[in-house]
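Q: Submitted below is the structure of interest, expressed as structure tokens.
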Amino acid sequence: MKKICCILFYFIAVYTTAQTYNREHINAKALTQYDKAVEKLADGFIKEAIPDLQKIISIDSNFIDAYLSLAGAYGELKKYDAAIFFYNKAFSKDSIYGKPYLLPYSINLAGAGKFEDALEAVNIFLSVPGLSERSIKSAAYRKRCYAFAVDYQHKHPDNHYVFAPMNLGDSINTANLEYYPSVTIDDSLLVFTKKENGREDFMESSFKNGLYSKAKTIQGDINIEPFKGAISVSADGEWLIFAGNFRNGLGDYDLYISYATPDGWSEPENLGPNVNSGYWDSSPSLSPDNHILYFSSNRPGGYGGADLYMSIRQPNGKWGPAINMGSNFNTIGDEMAPYIHADNQTIYFTSNGLPGYGETDLYISRKDTAGVWSVPENLGYPINTIETEGSMVVAADGMTAYYASDRADSRGGLDLYKFILREDIRPHKTLYVKGKVFDNKTKKGLPCTVELIDNANNSILMHVQTDELGKYFVPLPSGKSYTFLVNRKGYLFYSELYSFAHRLSDSTYIKDIPLQPIELNSSLTFQNIQFETNSAKILPVSLIELNKLLQLLKENKTVQVQISGHTDNSGIENNNLILSTNRAKAVVQYLTDNGIAAARLQYKGYGSSKPIADNNTEEGRAKNRRTEFVITGL
């Protein structure tokens with residue numbers, strides 16, 4: 001279709017009646033050579049025809065058809081500025097003859113980011129009498145796109161943003177097609193799809209000391225079948241989920257999973273009928289806690305062509321039924337290539353049904369504190385263009401984006417590039433904590449649940465299940481404060497406070513966690529039980545840990561505990577004793593209010609009599625102001 005449209009633009013000049021321009025006055029030699037150049041264009045030899053057209057213009061500088069064909073050729077090569085230059089040359093010689101070309105002229109103006117000029121040009125085109133219904137429909141579509149672009153620019157002025165995609169180089173890109181990139185949270189592994197001679201293979205490259213290793217085919221059964229597509233690597237690099245057209249599939253394309261093992265990637269497993277359908281299921285993206293799988297499918301019952309869906313991983317490790325993500329995301333068009341960032345709050349995807357610049361654009365949506373996704377927002381020009389935009393992923397730093405494009409410096413067709421995102425469409429910078437959970441006595445690894453709680457609203461941001469050896473990996477989005485909770489039946493829970501609300505850190509965290517078995521005299525210091533200043537009123541953030549203690553007591557119905565309150569040595573000791581006692585009592589009151597028998601609970605205030613740190617520093621005093629509990633009965 002693209003070639004047909006291109007040829008149409010070349011030939012339209014031949015059949016348009018000029019007002020003042022007359023081909024009979026054109027140099028005969030130029031006319032003969034022009035016919036040969038048009039044959040090259042018709043056969044798809046666009047680059048080869050350009051020198052011929054330039055030579056024709058040098059023979060006869062009034063040959064408007066040659067200028068228009070040259071403009072069309074440059075437009076097909078996406079050399080928009082050159083196309084605009086030659087359209088303007090033609091218009092300057094005869095503006096009446098050039099009017100039917102104002103539509104392709106406007107497209108090239110928009111391609112160069114000159115949307116106000118494009119809007120003006122298409123409006124003039126629509127005023128031309130005798131336009132076909134097809135031309136009017138096409139121009140009206142372009143007009144809507146240009147109007148959207150102009151409005152977007154007015155609402156998002158950013159004179160300082162520089163869009164400068166950098167080709168990932170010869171270690172990654174070849175004369176073949178490279179697309180659908182995916183990266184781990186530490187940027188150490190890049191995976192992508194490569195298409196060569198009709199076959200698609202999954203590739204991998206490691207990133208170290210600022211350089212990408214030579215990309216190689218991912219080993220194992222994952223690449224046996226020739227027809228594959230989108231691939232997504234988990235944040236920790238342990239899982240690969242991908243789309244493939246395999247013999248054991250349920251539909252056109254299915255989603256499969258492969259796991260990293262000491263012997264390489266495991267044999268791919270079909271994700272089953274809860275995820276896959278009898279239709280096209282592709283474009284996977286795995287949440288950073290491996291808890292939710294986002295993907296695209298054209299199964300019946302959606303809003304249009306391909307819709308966005310999600311599947312939630314169940315406690316037994318199986319994937320739950322696919323859930324359509326609703327009309328907030330999906331349109332009568334195609335929504336594809338979802339990518340959930342490591343912050344677990346920001347999703348990017350493509351759509352040709354939402355308002356945009358033309359073809360397929362990239363959009364962003366953010367999850368609010370109530371877990372509701374925002375109305376998708378177009379990423380704007382120049383990330384989005386009048387062409388088709390494909391998948392995009394964003395590194396954990398929240399700034400570096402990877403995508404596929406066929407820019408001028410491409411090694412051949414689609415290449416992989418990276419660029420810096422505009423600030424207002426960035427996700428949270430994300431770090432991570434990883435380690436091993438183990439029994440404090442036996443030192444044996446413990447499979448258990450790890451949760452990351454947003455302190456602002458007490459909601460679970462990440463929900464991770466450790467592996468059989470107790471190993472875990474949890475992303476930590478910056479810009480907020482979190483409580484990190486580890487829970488296993490038969491053990492005291494573990495909590496840790498991570499605060500990025502007022503600072504950014506370039507560190508990652510390695511933390512092995514010993515869990516204490518529930519036994520007599522085992523104890524735990526709360527990390528984030530907070531009260532109003534000089535008061536025993538419990539602040540809402542405290543409920544994160546208090547509810548874990550509540551859960552422990554409900555699961556272990558004979559356990560008895562004592563709540564202990566402590567202060568630093570500031571102020572009068574008697575006041576400190578009273579305050580610490582009242583705070584311990586307030587915790588007991590919360591537990592009894594929520595169904596725990598008072599006979600199982602005790603409380604005691606110690607004031608500043610049992611410091612665990614130096615009271616001469618603020619950091620030490622903060623540690624001394626604490627609440628604890630100890631098992632007093634089983």
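By order of appearance in the structure tokens: chains A, B, ..., then residues from 1 within every chain, and ligands from 1 in the order shown.
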Enumerate, as number ranges by chain, the complete set of residues in region 341-515 of chain A that a backbone-based DSSP assignment places in strand (DSSP E or B).
A: A: 346-351, 361-367, 373, 377-378, 392-394, 400-405, 415-420, 430-439, 445, 449-454, 459-465, 471-477, 481-487, 491, 494-499, 509-510, 513-515
Q: At a cut-off of 7 Å, using only C-alpha atoms, what residues contact Tyr339 (chain A)? Leave out same-chain residues fewer than 5 positions from it and give the result as a PyMOL selection string.
A: chain A and resi 285+347-349+393
Q: Next, the residues of the selection above should be written as a CSV table (one decimal), in the first residue's frame with N, CA, C and O atoms.
A:
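Final file, out.csv:
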```
chain,number,residue,atom,x,y,z
A,285,SER,N,4.5,-8.2,29.1
A,285,SER,CA,5.3,-7.4,30.0
A,285,SER,C,5.0,-7.8,31.4
A,285,SER,O,3.9,-7.8,31.8
A,347,ILE,N,2.9,2.6,33.2
A,347,ILE,CA,2.9,1.7,32.1
A,347,ILE,C,2.9,2.5,30.8
A,347,ILE,O,2.3,3.6,30.7
A,348,TYR,N,3.6,2.0,29.8
A,348,TYR,CA,3.6,2.6,28.5
A,348,TYR,C,3.0,1.6,27.5
A,348,TYR,O,3.1,0.3,27.7
A,349,PHE,N,2.4,2.0,26.4
A,349,PHE,CA,1.9,1.1,25.4
A,349,PHE,C,1.6,1.9,24.1
A,349,PHE,O,1.8,3.1,24.1
A,393,VAL,N,10.8,0.5,26.1
A,393,VAL,CA,11.0,0.2,27.5
A,393,VAL,C,11.9,1.2,28.1
A,393,VAL,O,12.6,1.9,27.4
```
Q: Excluding Arg199 (chain A) and residues on its chain fewer than 5 positions from it, collect all residues at most 9 Å away from it, counting only C-alpha atoms, and give them as JSON, numbers by chain.
A: {"A": [194, 225, 226, 227, 228]}
Q: For region 260-273 of chain A, work out the shell of residues within 7 Å, counting only C-alpha atoms and skipping chain neighbours fewer than 6 positions away, then give it as a list in words.
A: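 The residues satisfying every condition are Gly220, Asp221, Ile222, Glu238 and Trp239 of chain A.
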Q: Under the rule that only C-alpha atoms are counted, which of A:Phe192, A:Val394, A:Ile231, A:Met399 is the nearest residue to Lys216 (chain A)?
A: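 Closest residue, counting only C-alpha atoms: A:Phe192.
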Q: Trp319 (chain A): which residues within 10 Å, counting only C-alpha atoms, same-chain residues fewer than 2 positions away excluded, as JSON, numbers by chain?
A: {"A": [271, 272, 273, 274, 275, 291, 292, 293, 310, 311, 312, 313, 314, 315, 316, 317, 321, 322]}
Q: Kindly save the residues from that selection, with C-alpha atoms included, as a PDB file, in the first residue's frame.
A:
```pdb
ATOM      1  CA  LEU A 271       1.064 -20.201  29.958  1.00  0.00           C
ATOM      2  CA  GLY A 272      -2.183 -22.065  29.438  1.00  0.00           C
ATOM      3  CA  PRO A 273      -5.815 -21.252  28.648  1.00  0.00           C
ATOM      4  CA  ASN A 274      -6.213 -18.676  31.427  1.00  0.00           C
ATOM      5  CA  VAL A 275      -3.768 -16.435  29.542  1.00  0.00           C
ATOM      6  CA  HIS A 291       2.941 -10.863  40.078  1.00  0.00           C
ATOM      7  CA  ILE A 292       1.055  -9.453  37.068  1.00  0.00           C
ATOM      8  CA  LEU A 293       1.477 -10.202  33.376  1.00  0.00           C
ATOM      9  CA  MET A 310      -3.652  -8.568  32.476  1.00  0.00           C
ATOM     10  CA  SER A 311      -3.310 -11.852  34.354  1.00  0.00           C
ATOM     11  CA  ILE A 312      -2.541 -12.100  38.087  1.00  0.00           C
ATOM     12  CA  ARG A 313      -0.268 -14.832  39.388  1.00  0.00           C
ATOM     13  CA  GLN A 314      -2.038 -16.916  42.028  1.00  0.00           C
ATOM     14  CA  PRO A 315      -0.535 -18.160  45.340  1.00  0.00           C
ATOM     15  CA  ASN A 316      -0.089 -21.594  43.761  1.00  0.00           C
ATOM     16  CA  GLY A 317       2.075 -20.100  41.007  1.00  0.00           C
ATOM     17  CA  PRO A 321      -7.911 -15.622  34.050  1.00  0.00           C
ATOM     18  CA  ALA A 322      -7.075 -12.834  31.607  1.00  0.00           C
TER      19      ALA A 322
END
```
Q: Restricting the calculation to only C-alpha atoms: of A:Lys208, A:His25, A:Lys418, A:Lys489, which residue gets closest to Ser188 (chain A)?
A: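 Of all the options, A:Lys208 lies closest to Ser188 (chain A).
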Q: For Thr217 (chain A), list every protein, DNA or RNA residue within 9 Å, evaluated using only C-alpha atoms, and leave out those in the same chain fewer than 3 positions away; present the list as a list in words.
A: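 The contact residues come out as Asp201, Phe202, Met203, Glu204 and Asn223 of chain A.
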Q: Given the selection you just returned, output its residues as a file containing C-alpha atoms, formatted as a CSV table (one decimal), in the first residue's frame.
A:
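Below is the file that was written, result-v3.csv:
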```csv
chain,number,residue,atom,x,y,z
A,201,ASP,CA,15.2,-15.3,16.9
A,202,PHE,CA,15.7,-14.0,20.4
A,203,MET,CA,19.0,-12.4,21.1
A,204,GLU,CA,20.8,-11.3,24.3
A,223,ASN,CA,14.7,-20.5,19.8
```
Q: Determine the nearest neighbour of Leu579 (chain A) from the options A:Ala243, A:Ala110, A:Ile612, A:Ala536, counting only C-alpha atoms.
A: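 When distances to Leu579 (chain A) are compared using only C-alpha atoms, the smallest one comes from A:Ala536.
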Q: Identify, on the basis of only C-alpha atoms, every residue whose closest approach to Tyr212 (chain A) does not exceed 8 Å; exclude the query and any residue fewer than 4 positions from it along the same chain; express the result as number ranges by chain.
A: A: 171-172, 205-208
Q: State, in Å with one decimal place, the distance from CA of Leu421 (chain A) to CA of Asn209 (chain A).
A: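 Computed distance, CA of Leu421 (chain A) to CA of Asn209 (chain A), equals 22.2 Å.
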Q: Calculate how many Å separate CA of Val162 (chain A) from CA of Tyr381 (chain A), rounding to one decimal.
A: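 Interatomic distance here is 11.0 Å.
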